[in-house]
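Undergrad: Structure supplied as target.cif; contents: mmCIF, C-alpha atoms.
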data_run
loop_
_atom_site.label_atom_id
_atom_site.label_comp_id
_atom_site.auth_asym_id
_atom_site.auth_seq_id
_atom_site.Cartn_x
_atom_site.Cartn_y
_atom_site.Cartn_z
CA GLU A 1 72.70 40.01 77.26
CA ILE A 2 75.01 42.93 77.99
CA PRO A 3 78.71 42.03 78.15
CA PRO A 4 80.39 42.50 81.56
CA GLU A 5 82.71 45.22 80.24
CA HIS A 6 79.71 47.42 79.44
CA GLN A 7 77.72 46.81 82.59
CA GLU A 8 78.86 50.15 84.06
CA GLU A 9 76.80 51.86 81.38
CA LEU A 10 73.53 50.51 82.81
CA PRO A 11 71.20 53.16 84.23
CA HIS A 12 70.74 53.15 87.97
CA CYS A 13 67.88 51.22 89.48
CA GLU A 14 64.63 52.79 90.46
CA GLY A 15 64.14 53.89 94.04
CA SER A 16 67.56 55.56 94.37
CA PRO A 17 67.14 59.12 93.05
CA ILE A 18 70.05 61.46 93.57
CA CYS A 19 67.82 64.25 94.90
CA CYS A 20 67.90 64.45 98.74
CA SER A 21 70.29 61.49 98.82
CA ALA A 22 73.23 60.92 101.14
CA ARG A 23 75.65 60.97 98.20
CA LEU A 24 74.35 64.38 97.08
CA SER A 25 74.69 65.59 100.66
CA LEU A 26 78.33 64.50 100.57
CA ALA A 27 78.86 66.42 97.31
CA ILE A 28 77.30 69.59 98.76
CA TRP A 29 79.30 69.49 101.99
CA ALA A 30 82.45 68.81 99.94
CA PHE A 31 81.51 71.81 97.78
CA PHE A 32 81.42 74.07 100.85
CA GLY A 33 84.65 72.53 102.09
CA PHE A 34 86.54 73.32 98.88
CA PHE A 35 84.86 76.74 98.81
CA LEU A 36 86.37 77.58 102.22
CA LEU A 37 89.67 75.90 101.38
CA TYR A 38 90.29 78.11 98.37
CA ALA A 39 88.81 81.15 100.08
CA LEU A 40 91.47 80.71 102.78
CA ARG A 41 94.15 80.50 100.09
CA VAL A 42 92.99 83.68 98.38
CA ASN A 43 92.31 85.80 101.47
CA LEU A 44 95.87 85.21 102.66
CA SER A 45 97.26 86.98 99.61
CA VAL A 46 94.73 89.82 99.97
CA ALA A 47 95.23 90.33 103.72
CA LEU A 48 99.01 90.08 103.36
CA VAL A 49 99.10 93.50 101.69
CA ASP A 50 97.45 95.18 104.70
CA MET A 51 99.57 93.13 107.09
CA VAL A 52 102.79 94.40 105.53
CA GLU A 53 101.56 98.01 105.39
CA SER A 54 100.44 98.00 109.04
CA ASN A 55 103.74 96.51 110.19
CA ALA A 56 105.69 99.05 108.15
CA SER A 57 103.95 101.88 110.03
CA LEU A 58 105.03 100.58 113.44
CA PRO A 59 108.00 102.29 115.15
CA LYS A 60 111.27 100.46 114.74
CA ASN A 61 112.92 98.76 117.68
CA THR A 62 115.79 100.93 118.86
CA SER A 63 116.95 98.67 121.68
CA SER A 64 120.63 97.75 121.55
CA THR A 65 120.35 94.81 123.95
CA CYS A 66 120.53 92.25 121.16
CA PRO A 67 122.10 92.63 117.70
CA GLU A 68 119.72 93.07 114.77
CA HIS A 69 119.21 90.12 112.45
CA SER A 70 117.82 90.17 108.95
CA ALA A 71 116.16 87.32 107.16
CA THR A 72 114.38 86.67 103.92
CA PRO A 73 110.61 87.17 104.35
CA VAL A 74 108.70 83.91 104.46
CA VAL A 75 105.23 83.58 103.00
CA PHE A 76 103.17 80.85 104.60
CA ARG A 77 100.77 78.89 102.39
CA ASN A 78 98.16 76.53 103.76
CA THR A 79 98.63 72.95 102.65
CA THR A 80 95.81 71.85 100.35
CA GLY A 81 97.56 69.04 98.50
CA VAL A 82 96.04 66.26 100.62
CA THR A 83 92.41 67.28 100.18
CA PHE A 84 91.86 66.24 96.56
CA PRO A 85 93.33 62.71 96.94
CA ALA A 86 91.33 62.28 100.18
CA MET A 87 88.14 63.33 98.39
CA HIS A 88 88.87 61.00 95.50
CA ALA A 89 89.34 58.16 97.99
CA MET A 90 85.93 58.90 99.54
CA TRP A 91 84.19 59.06 96.18
CA SER A 92 85.60 55.65 95.28
CA SER A 93 83.16 54.25 97.84
CA TRP A 94 80.32 56.70 97.30
CA SER A 95 79.91 57.50 93.62
CA PRO A 96 78.02 55.09 91.34
CA PRO A 97 79.85 54.88 87.98
CA LEU A 98 77.12 56.72 86.04
CA GLU A 99 76.99 59.60 88.53
CA ARG A 100 80.69 60.28 88.96
CA SER A 101 80.86 63.31 86.70
CA LYS A 102 77.99 65.20 88.31
CA LEU A 103 78.91 64.34 91.90
CA LEU A 104 82.60 65.13 91.60
CA SER A 105 82.01 68.27 89.53
CA ILE A 106 79.71 69.60 92.26
CA SER A 107 82.34 68.84 94.90
CA TYR A 108 85.33 70.41 93.18
CA ALA A 109 83.46 73.42 91.75
CA GLY A 110 83.53 74.89 95.24
CA ALA A 111 87.19 75.72 94.72
CA GLN A 112 86.42 78.07 91.82
CA LEU A 113 83.50 79.78 93.56
CA GLY A 114 85.57 80.20 96.72
CA THR A 115 88.12 82.13 94.69
CA VAL A 116 85.41 84.27 93.05
CA VAL A 117 83.78 85.24 96.35
CA SER A 118 86.90 85.56 98.49
CA LEU A 119 88.76 87.99 96.21
CA PRO A 120 86.35 90.96 96.57
CA LEU A 121 85.01 89.98 100.02
CA SER A 122 88.47 89.88 101.62
CA GLY A 123 89.20 93.31 100.17
CA LEU A 124 85.97 94.72 101.60
CA ILE A 125 86.69 93.25 105.03
CA CYS A 126 90.20 94.75 105.04
CA PHE A 127 88.84 98.15 103.92
CA TYR A 128 85.85 98.50 106.26
CA MET A 129 87.09 96.48 109.26
CA ASP A 130 90.66 95.21 109.67
CA TRP A 131 92.83 92.57 108.07
CA VAL A 132 92.65 90.34 111.16
CA TYR A 133 88.91 89.88 110.64
CA VAL A 134 89.61 88.18 107.31
CA PHE A 135 91.12 85.28 109.22
CA TYR A 136 88.60 85.43 112.07
CA ILE A 137 85.57 85.27 109.76
CA PHE A 138 86.79 82.64 107.31
CA GLY A 139 88.46 80.66 110.11
CA ALA A 140 85.19 80.59 112.10
CA LEU A 141 83.31 79.44 109.00
CA GLY A 142 85.88 76.68 108.53
CA VAL A 143 85.42 75.45 112.11
CA LEU A 144 81.63 75.56 111.70
CA TRP A 145 81.88 73.59 108.47
CA PHE A 146 84.08 71.00 110.20
CA PHE A 147 81.42 70.24 112.82
CA PHE A 148 78.78 69.75 110.14
CA TRP A 149 81.19 67.60 108.12
CA VAL A 150 81.79 65.30 111.10
CA LEU A 151 78.07 65.02 111.82
CA MET A 152 76.72 64.67 108.28
CA VAL A 153 79.41 62.70 106.41
CA SER A 154 80.77 59.17 106.68
CA ASP A 155 83.67 57.49 104.91
CA THR A 156 81.51 54.80 103.34
CA PRO A 157 77.79 54.12 102.79
CA GLU A 158 77.98 51.20 105.23
CA THR A 159 78.93 53.52 108.12
CA HIS A 160 76.46 56.31 107.29
CA LYS A 161 73.73 56.59 109.94
CA ARG A 162 71.02 58.30 107.88
CA ILE A 163 71.35 56.71 104.44
CA SER A 164 68.30 54.84 103.17
CA HIS A 165 68.53 51.12 102.63
CA ALA A 166 67.64 51.48 98.93
CA GLU A 167 70.40 54.02 98.31
CA LYS A 168 73.00 52.00 100.20
CA GLU A 169 72.16 48.87 98.25
CA TYR A 170 72.23 50.78 94.96
CA ILE A 171 75.67 52.28 95.62
CA LEU A 172 77.17 49.01 96.84
CA SER A 173 75.72 46.96 93.97
CA SER A 174 76.92 49.47 91.36
CA LEU A 175 80.50 49.17 92.66
CA THR A 176 80.55 45.40 93.21
CA GLU A 177 82.60 44.64 90.09
CA GLN A 178 84.87 47.69 90.40
CA LEU A 179 86.43 47.64 93.88
CA SER A 180 89.26 45.51 95.19
CA SER A 181 89.29 44.08 98.71
CA GLN A 182 93.05 43.60 98.70
CA LYS A 183 95.07 45.61 101.22
CA SER A 184 98.33 45.54 99.27
CA VAL A 185 98.89 48.16 96.58
CA PRO A 186 100.08 46.87 93.17
CA TRP A 187 102.78 49.51 92.86
CA LYS A 188 104.66 47.95 89.94
CA ALA A 189 101.56 47.44 87.82
CA MET A 190 100.35 50.90 88.76
CA TRP A 191 103.55 52.68 87.72
CA THR A 192 103.69 50.76 84.43
CA SER A 193 100.04 51.43 83.56
CA LEU A 194 99.73 53.44 80.34
CA PRO A 195 96.25 54.82 81.21
CA LEU A 196 97.71 56.24 84.44
CA TRP A 197 100.54 57.94 82.53
CA ALA A 198 97.96 59.32 80.13
CA ILE A 199 96.35 61.10 83.11
CA VAL A 200 99.78 62.25 84.36
CA VAL A 201 100.66 63.81 81.00
CA ALA A 202 97.24 65.44 80.64
CA HIS A 203 97.30 66.82 84.21
CA PHE A 204 100.83 68.19 83.76
CA SER A 205 99.99 69.76 80.40
CA TYR A 206 96.72 71.31 81.56
CA ASN A 207 98.38 72.91 84.58
CA TRP A 208 101.14 74.37 82.42
CA THR A 209 98.60 76.27 80.34
CA PHE A 210 96.44 77.05 83.39
CA TYR A 211 99.34 78.67 85.23
CA THR A 212 100.41 80.49 82.08
CA LEU A 213 96.93 81.95 81.62
CA LEU A 214 96.22 82.98 85.19
CA THR A 215 99.75 83.87 86.33
CA LEU A 216 101.73 85.03 83.31
CA LEU A 217 99.05 86.49 81.04
CA PRO A 218 98.17 89.25 83.57
CA THR A 219 101.88 90.16 83.52
CA TYR A 220 101.78 90.29 79.72
CA MET A 221 98.73 92.53 79.85
CA LYS A 222 100.36 94.85 82.36
CA GLU A 223 103.78 95.08 80.70
CA ILE A 224 102.77 94.95 77.03
CA LEU A 225 99.14 96.10 76.90
CA ARG A 226 99.53 98.59 79.79
CA PHE A 227 96.42 97.32 81.56
CA ASP A 228 96.52 95.98 85.12
CA VAL A 229 93.72 93.42 85.37
CA GLN A 230 94.50 92.88 89.07
CA GLU A 231 93.24 96.39 89.86
CA ASN A 232 89.76 95.39 88.70
CA GLY A 233 88.29 92.87 91.13
CA PHE A 234 85.46 91.91 88.78
CA LEU A 235 87.77 91.14 85.87
CA SER A 236 90.13 89.21 88.18
CA ALA A 237 87.29 86.97 89.34
CA LEU A 238 85.56 86.58 85.96
CA PRO A 239 87.72 83.66 84.66
CA TYR A 240 87.14 81.69 87.86
CA PHE A 241 83.40 82.33 87.68
CA GLY A 242 83.27 81.09 84.08
CA CYS A 243 85.22 77.97 85.06
CA TRP A 244 82.83 77.32 87.98
CA VAL A 245 79.78 77.47 85.70
CA CYS A 246 81.42 75.20 83.13
CA ILE A 247 82.45 72.61 85.73
CA ILE A 248 78.90 72.32 87.07
CA LEU A 249 77.21 72.15 83.66
CA SER A 250 79.78 69.87 82.00
CA GLY A 251 79.53 67.38 84.87
CA GLN A 252 75.77 67.09 84.40
CA PHE A 253 76.13 66.84 80.62
CA ALA A 254 78.86 64.18 80.80
CA ASP A 255 76.71 61.83 82.86
CA HIS A 256 73.70 62.56 80.65
CA LEU A 257 75.70 61.40 77.63
CA ARG A 258 76.81 58.23 79.42
CA GLU A 259 73.44 57.31 80.93
CA LYS A 260 70.83 58.55 78.47
CA GLN A 261 72.74 58.60 75.18
CA ASN A 262 74.76 55.42 75.81
CA PHE A 263 78.13 57.07 75.20
CA SER A 264 81.00 55.00 76.54
CA THR A 265 82.97 56.31 79.51
CA VAL A 266 86.23 56.50 77.58
CA CYS A 267 84.55 58.45 74.76
CA VAL A 268 83.15 61.05 77.19
CA ARG A 269 86.42 61.38 79.12
CA LYS A 270 88.50 61.84 75.97
CA THR A 271 86.05 64.26 74.35
CA PHE A 272 85.78 66.48 77.40
CA THR A 273 89.57 66.43 77.86
CA LEU A 274 90.14 67.48 74.24
CA ILE A 275 87.67 70.37 74.59
CA GLY A 276 89.12 71.41 77.95
CA MET A 277 92.70 71.45 76.68
CA ILE A 278 92.59 72.39 73.01
CA GLY A 279 90.26 75.34 73.67
CA PRO A 280 92.62 77.07 76.13
CA ALA A 281 95.59 76.37 73.83
CA VAL A 282 93.88 78.11 70.89
CA PHE A 283 92.97 81.21 72.89
CA LEU A 284 96.42 81.33 74.45
CA VAL A 285 98.06 81.52 71.03
CA ALA A 286 95.47 84.10 69.93
CA ALA A 287 96.38 86.27 72.94
CA GLY A 288 99.75 86.97 71.30
CA PHE A 289 98.10 88.53 68.22
CA ILE A 290 95.57 90.93 69.75
CA GLY A 291 97.67 94.07 69.44
CA CYS A 292 96.84 96.52 72.22
CA ASN A 293 93.23 95.42 72.74
CA TYR A 294 93.13 94.63 76.47
CA LYS A 295 89.39 93.96 76.38
CA LEU A 296 89.98 91.15 73.92
CA ALA A 297 92.75 89.81 76.15
CA VAL A 298 90.37 89.66 79.12
CA ALA A 299 87.78 87.93 76.94
CA PHE A 300 90.34 85.35 75.77
CA VAL A 301 91.43 84.61 79.36
CA THR A 302 87.81 84.19 80.45
CA ILE A 303 86.81 81.96 77.52
CA SER A 304 89.91 79.78 77.74
CA THR A 305 89.61 79.31 81.51
CA THR A 306 85.91 78.56 81.14
CA LEU A 307 86.60 75.89 78.50
CA GLY A 308 89.20 74.40 80.83
CA GLY A 309 86.32 73.45 83.12
CA PHE A 310 85.45 70.62 80.73
CA SER A 311 88.59 68.81 81.88
CA THR A 312 87.05 68.21 85.31
CA SER A 313 84.74 65.66 83.68
CA GLY A 314 87.63 64.43 81.53
CA TYR A 315 91.04 63.31 82.75
CA SER A 316 90.51 64.91 86.18
CA ILE A 317 88.19 62.18 87.47
CA ASN A 318 89.49 59.40 85.24
CA HIS A 319 91.36 57.96 88.24
CA LEU A 320 88.02 56.66 89.52
CA ASP A 321 87.31 55.02 86.16
CA ILE A 322 90.51 53.02 85.86
CA ALA A 323 91.13 52.11 89.53
CA PRO A 324 88.45 53.27 91.98
CA SER A 325 90.04 51.35 94.88
CA TYR A 326 93.28 53.33 94.45
CA ALA A 327 91.85 56.62 93.19
CA GLY A 328 93.32 58.62 96.07
CA ILE A 329 96.79 57.21 95.46
CA LEU A 330 96.54 57.82 91.72
CA LEU A 331 95.50 61.44 92.20
CA GLY A 332 98.37 61.93 94.62
CA ILE A 333 100.75 60.70 91.92
CA THR A 334 99.31 62.78 89.08
CA ASN A 335 98.92 65.87 91.27
CA SER A 336 102.59 65.66 92.27
CA PHE A 337 103.65 65.82 88.62
CA ALA A 338 101.07 68.56 87.99
CA THR A 339 102.68 70.90 90.54
CA ILE A 340 105.87 71.08 88.45
CA PRO A 341 104.44 73.57 85.88
CA GLY A 342 103.66 76.01 88.68
CA MET A 343 107.38 76.08 89.55
CA VAL A 344 108.98 75.67 86.13
CA GLY A 345 106.53 77.62 83.93
CA PRO A 346 107.21 81.10 85.35
CA LEU A 347 110.98 80.47 85.26
CA VAL A 348 110.82 79.48 81.59
CA ALA A 349 108.70 82.52 80.76
CA LYS A 350 111.05 84.86 82.61
CA SER A 351 114.10 83.45 80.83
CA LEU A 352 112.42 84.00 77.45
CA THR A 353 111.15 87.56 78.04
CA HIS A 354 114.28 89.55 78.86
CA SER A 355 113.26 92.46 76.62
CA ASN A 356 109.52 92.14 77.22
CA THR A 357 108.66 92.24 73.53
CA VAL A 358 105.55 90.88 71.87
CA GLY A 359 107.66 88.37 69.94
CA GLU A 360 109.17 86.96 73.13
CA TRP A 361 105.76 86.56 74.74
CA GLN A 362 104.43 84.83 71.64
CA ILE A 363 107.11 82.17 72.10
CA VAL A 364 105.94 81.67 75.71
CA PHE A 365 102.36 81.21 74.50
CA TYR A 366 103.45 78.84 71.71
CA ILE A 367 105.29 76.61 74.19
CA ALA A 368 102.31 76.46 76.56
CA ALA A 369 99.89 75.72 73.73
CA ALA A 370 102.16 73.00 72.31
CA ILE A 371 102.44 71.30 75.71
CA ASN A 372 98.66 71.44 76.11
CA LEU A 373 98.03 69.96 72.67
CA PHE A 374 100.54 67.18 73.34
CA GLY A 375 98.81 66.32 76.63
CA ALA A 376 95.37 66.32 75.01
CA PHE A 377 96.35 64.00 72.18
CA PHE A 378 98.40 61.73 74.46
CA PHE A 379 95.34 61.21 76.66
CA ALA A 380 93.13 60.69 73.60
CA LEU A 381 95.46 57.94 72.40
CA PHE A 382 96.22 56.11 75.64
CA GLY A 383 93.44 57.02 78.07
CA SER A 384 90.97 54.38 79.25
CA GLY A 385 87.50 54.30 80.76
CA GLU A 386 87.52 50.77 82.16
CA VAL A 387 88.77 49.41 85.47
CA GLN A 388 92.28 48.06 84.96
CA ASP A 389 93.08 44.42 85.71
CA TRP A 390 95.63 45.35 88.37
CA ALA A 391 92.91 47.25 90.29
CA LEU A 392 90.66 44.18 90.68
CA ASP A 393 90.72 41.20 93.01
CA GLY A 394 91.34 38.81 90.14
CA TYR A 395 94.76 40.37 89.49
CA HIS A 396 95.94 39.59 93.00
CA LEU A 397 94.50 36.07 92.93
CA HIS A 398 96.21 35.39 89.61
CA ARG A 399 99.56 36.61 90.94
CA ASN A 400 99.26 34.53 94.10
#
Kindly transcribe the structure held in the file into structure tokens.
TA:
Amino acid sequence: EIPPEHQEELPHCEGSPICCSARLSLAIWAFFGFFLLYALRVNLSVALVDMVESNASLPKNTSSTCPEHSATPVVFRNTTGVTFPAMHAMWSSWSPPLERSKLLSISYAGAQLGTVVSLPLSGLICFYMDWVYVFYIFGALGVLWFFFWVLMVSDTPETHKRISHAEKEYILSSLTEQLSSQKSVPWKAMWTSLPLWAIVVAHFSYNWTFYTLLTLLPTYMKEILRFDVQENGFLSALPYFGCWVCIILSGQFADHLREKQNFSTVCVRKTFTLIGMIGPAVFLVAAGFIGCNYKLAVAFVTISTTLGGFSTSGYSINHLDIAPSYAGILLGITNSFATIPGMVGPLVAKSLTHSNTVGEWQIVFYIAAAINLFGAFFFALFGSGEVQDWALDGYHLHRN
């Protein structure tokens, strides 16, 4: 008899293939949603250049009716922070434990491909048409996607109109021992949970290196190596493309290891996190010792960002492993901490690179690599692959 703690490792029952299923349909529509979401983020930065240039060519207002006022330019950014926690919350009801990696990796990979496609496509639209059509085209696609999303997707399997009975029963039975029916959130137990803090540290550390690679390394290449990677659309998109491929393949491989090779969930999550965080750290340090070889720098950025895709099947979806009922809340918490590197990292790098020397930039890379290694090993030590007691009904009954 298989112990209860290992029951999540059982293969799914026959008659519920993932092909043509409602849960795969959800993953595909989520993929297109994240594709458009990140395309809208990227095309704003591309179209903004033409917007500023066209406004600069307009005649200035010479009216003296009202005094002239000056203000700091404001750059508007679309809010995407709520989408990932919302998607995690949906997957807590839709993803069978042994299919989480593949389903979530398909969903979130759309973000990387949206960046790859939107970078050159927005430039072409601005060049051959006008910058306003960037927003018209992608905005229209977003509205079209929304109608399909409303028609084709439901919050839970119980409310889905076209799901087969076999698939619904399979999903619900696979999550029977993992979900909590309690309405109250165990905030104290949640905030004192070591596995949650393991995800927080890993998420924070990964983003520090991610922002260093994709934001600061191009500056290093331009100032030190005298090569502007942003002028080459293909090279700018190449790291994102590599990450997209890795996310898709690693998600399939992670679930294969858990289902067919009987690897435990915690083993897969920790292994994929170590690969996805140590790999980028190694190539980041190596970037400081490449001399003036910009081709090698581009290769290092691409390889390190590609390896980072392993983390999607590591700590990134571990929220669903430890507390599926509160996965959206947990991702909101970890994602809040993970935004800090995007604000602090560039400031730290700027304060350390006053003279723009190779030695100064090596220190920046050392710091980022050290933070990444710390996050990887912290998650390897304290991460978990089992549903925590505070996320189950029994915890609430015991307290009451």
Undergrad: Determine the residue membership of the PyMOL selection byres ((chain A and resi 333) around 10) for the file above and supply it as number ranges by chain.
TA: A: 85, 191, 196-197, 199-200, 327-332, 334-338
Undergrad: Separation of CA of Ile367 in chain A and CA of Ala380 in chain A, in Å?
TA: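 According to the coordinates, CA of Ile367 in chain A and CA of Ala380 in chain A are separated by 20.0 Å.
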Undergrad: Evaluated on this file, the PyMOL selection byres ((chain A and resi 294-301) around 7) picks out some residues - which ones are they, written as a list in words?
TA: Leu213, Met221, Leu225, Phe227, Pro239, Phe283, Ala287, Ile290, Cys292, Asn293, Thr302, Ile303, Ser304 and Thr305 of chain A
Undergrad: Have a look at CA of Asn372 in chain A and CA of Gly279 in chain A and let me know their distance in Å, one decimal.
TA: 9.6 Å
Undergrad: Set the distance at 8 Å and use only C-alpha atoms: which residues neighbour range 352-360 of chain A once local chain neighbours fewer than 6 positions away are removed? I'd like the list as a ChimeraX atom specification.
TA: /A:223-224,288
Undergrad: Quick check, in Å to one decimal: how far apart do CA of Leu113 in chain A and CA of Trp244 in chain A lie?
TA: 6.1 Å
